[in-house]
Amino acid sequence: MIIDLSHRITDGLRTYPGMAPPRISTEVSFAETAARMAPGVSFAIGRIELVGNTGTYLDTPAHFHPDGYDLADLPLERVVDVPTVVLDAREGISPDLLDGAGDLAGCAVLIHTGWSRHWGSEAYFTGHPFLTADLVATLIAAAPALVGIDSLNIDDNTDPARPAHHGLLGAGIPIVEHLTRLDRLPARGARFTALPAPVAGMATLPVRAVAVLPD
């Protein structure tokens with residue numbers, strides 16, 4: 001079974017306060033092409049304008065570190081068919097969140113806070129769960145392939161130090177934010193994939209994040 005862990009991107013979607021929403025329109029319409037194609041044949045081409053941090057998206061190191069790799073150089077082994085560990089943080093992100101989690105090396109570590117239930121409402125934008133600097137340090141030492149969260153931000157967005165972004169991305173560990181449906185995954189056994197387009201010079205872009213459940 002394949003579980004879609006991504007939020008749908010729609011025209012005018014609000015992902016984060018203060019960021020321009022995506023604008024989806026038609027570049028070439030069916031009516032325009034019908035006039036020049038063979039009878040009964042037509043096609044359409046869409047157009048989308050968006051910032052990189054829209055919907056469910058992946059951050060590469062270049063998001064915080066100018067010398068870090070960008071989307072075009074993202075190592076595929078970090079984001080394709082990665083063994084997954086889901087950490088249950090629905091009761092809050094406590095200092096002992098990683099206790100008993102086992103070996104995290106090379107895994108997609110997904111933090112399940114349950115915050116995605118607020119997606120699409122004003123409640124999503126305030127009071128969100130986030131990782132502390134101490135937890136980030138422990139995660140970096142554990143060497144996961146990537147870290148994801150189903151919250152507004154993996155950092156406290158009032159903290160200018162941004163320890164999760166600065167630390168994880170500085171260690172070459174990409175981040176996926178605004179995940180959803182993590183309640184559908186087991187603690188271990190699923191395989192995670194989240195692929196952005198390989199856009200050179202861009203650090204962040206929406207992904208279709210999915211998990212394949214074990215038989």
# chains A, B, ... in the order shown; residues from 1 in each chain; ligands from 1
>>> residues_around(residues="Asp134 in chain A", least_positions_apart="3", cutoff="8 Å", atoms="only C-alpha atoms", output="ChimeraX atom specification")
/A:95,137-138
>>> residues_around(residues="Glu91 in chain A", least_positions_apart="5", cutoff="12 Å", atoms="only C-alpha atoms", output="ChimeraX atom specification")
/A:97,111-115,129
>>> write_last_selection(atoms="all heavy atoms", output="compact mmCIF listing (two decimals), in the first residue's frame")
# COMPACT_ATOMS: atom_id res chain seq x y z
N LEU A 97 12.54 12.12 23.31
CA LEU A 97 11.86 11.64 22.11
C LEU A 97 12.63 10.54 21.40
O LEU A 97 12.03 9.59 20.87
CB LEU A 97 11.63 12.82 21.15
CG LEU A 97 10.98 12.48 19.80
CD1 LEU A 97 9.56 11.98 20.00
CD2 LEU A 97 11.00 13.69 18.88
N ILE A 111 8.86 12.92 12.29
CA ILE A 111 8.34 13.30 13.60
C ILE A 111 6.83 13.49 13.48
O ILE A 111 6.35 14.42 12.81
CB ILE A 111 8.99 14.61 14.11
CG1 ILE A 111 10.52 14.57 13.93
CG2 ILE A 111 8.61 14.86 15.56
CD1 ILE A 111 11.22 13.51 14.68
N HIS A 112 6.09 12.60 14.14
CA HIS A 112 4.63 12.62 14.06
C HIS A 112 4.05 13.41 15.24
O HIS A 112 3.95 12.90 16.35
CB HIS A 112 4.08 11.19 14.08
CG HIS A 112 2.60 11.10 14.04
ND1 HIS A 112 1.92 10.00 14.49
CD2 HIS A 112 1.65 11.97 13.61
CE1 HIS A 112 0.62 10.20 14.35
NE2 HIS A 112 0.44 11.39 13.81
N THR A 113 3.71 14.68 14.99
CA THR A 113 3.16 15.53 16.05
C THR A 113 1.65 15.60 16.03
O THR A 113 1.03 16.03 17.00
CB THR A 113 3.70 16.97 15.91
OG1 THR A 113 3.11 17.58 14.75
CG2 THR A 113 5.21 16.98 15.78
N GLY A 114 1.04 15.22 14.92
CA GLY A 114 -0.40 15.36 14.77
C GLY A 114 -0.85 16.76 14.39
O GLY A 114 -2.05 17.02 14.25
N TRP A 115 0.12 17.67 14.19
CA TRP A 115 -0.24 19.06 13.90
C TRP A 115 -0.92 19.23 12.55
O TRP A 115 -1.64 20.20 12.32
CB TRP A 115 1.01 19.94 13.98
CG TRP A 115 0.71 21.40 14.12
CD1 TRP A 115 0.85 22.37 13.17
CD2 TRP A 115 0.22 22.07 15.29
NE1 TRP A 115 0.49 23.60 13.68
CE2 TRP A 115 0.10 23.44 14.99
CE3 TRP A 115 -0.12 21.62 16.58
CZ2 TRP A 115 -0.36 24.37 15.91
CZ3 TRP A 115 -0.56 22.56 17.50
CH2 TRP A 115 -0.69 23.91 17.17
N PRO A 129 4.45 22.55 17.15
CA PRO A 129 5.57 21.80 17.75
C PRO A 129 6.84 21.94 16.91
O PRO A 129 6.77 22.11 15.69
CB PRO A 129 5.08 20.34 17.72
CG PRO A 129 3.70 20.35 17.18
CD PRO A 129 3.43 21.67 16.58
>>> atom_distance(atom1="CA of Leu87 in chain A", atom2="CA of Leu110 in chain A")
6.2 Å
>>> closest_residue(among="A:Leu182, A:Arg78, A:Phe64, A:Ala105", to="Arg162 in chain A", atoms="only C-alpha atoms")
A:Phe64
>>> closest_residue(among="A:Val80, A:Ala200, A:Leu179, A:Leu98", to="Thr54 in chain A", atoms="only C-alpha atoms")
A:Leu179
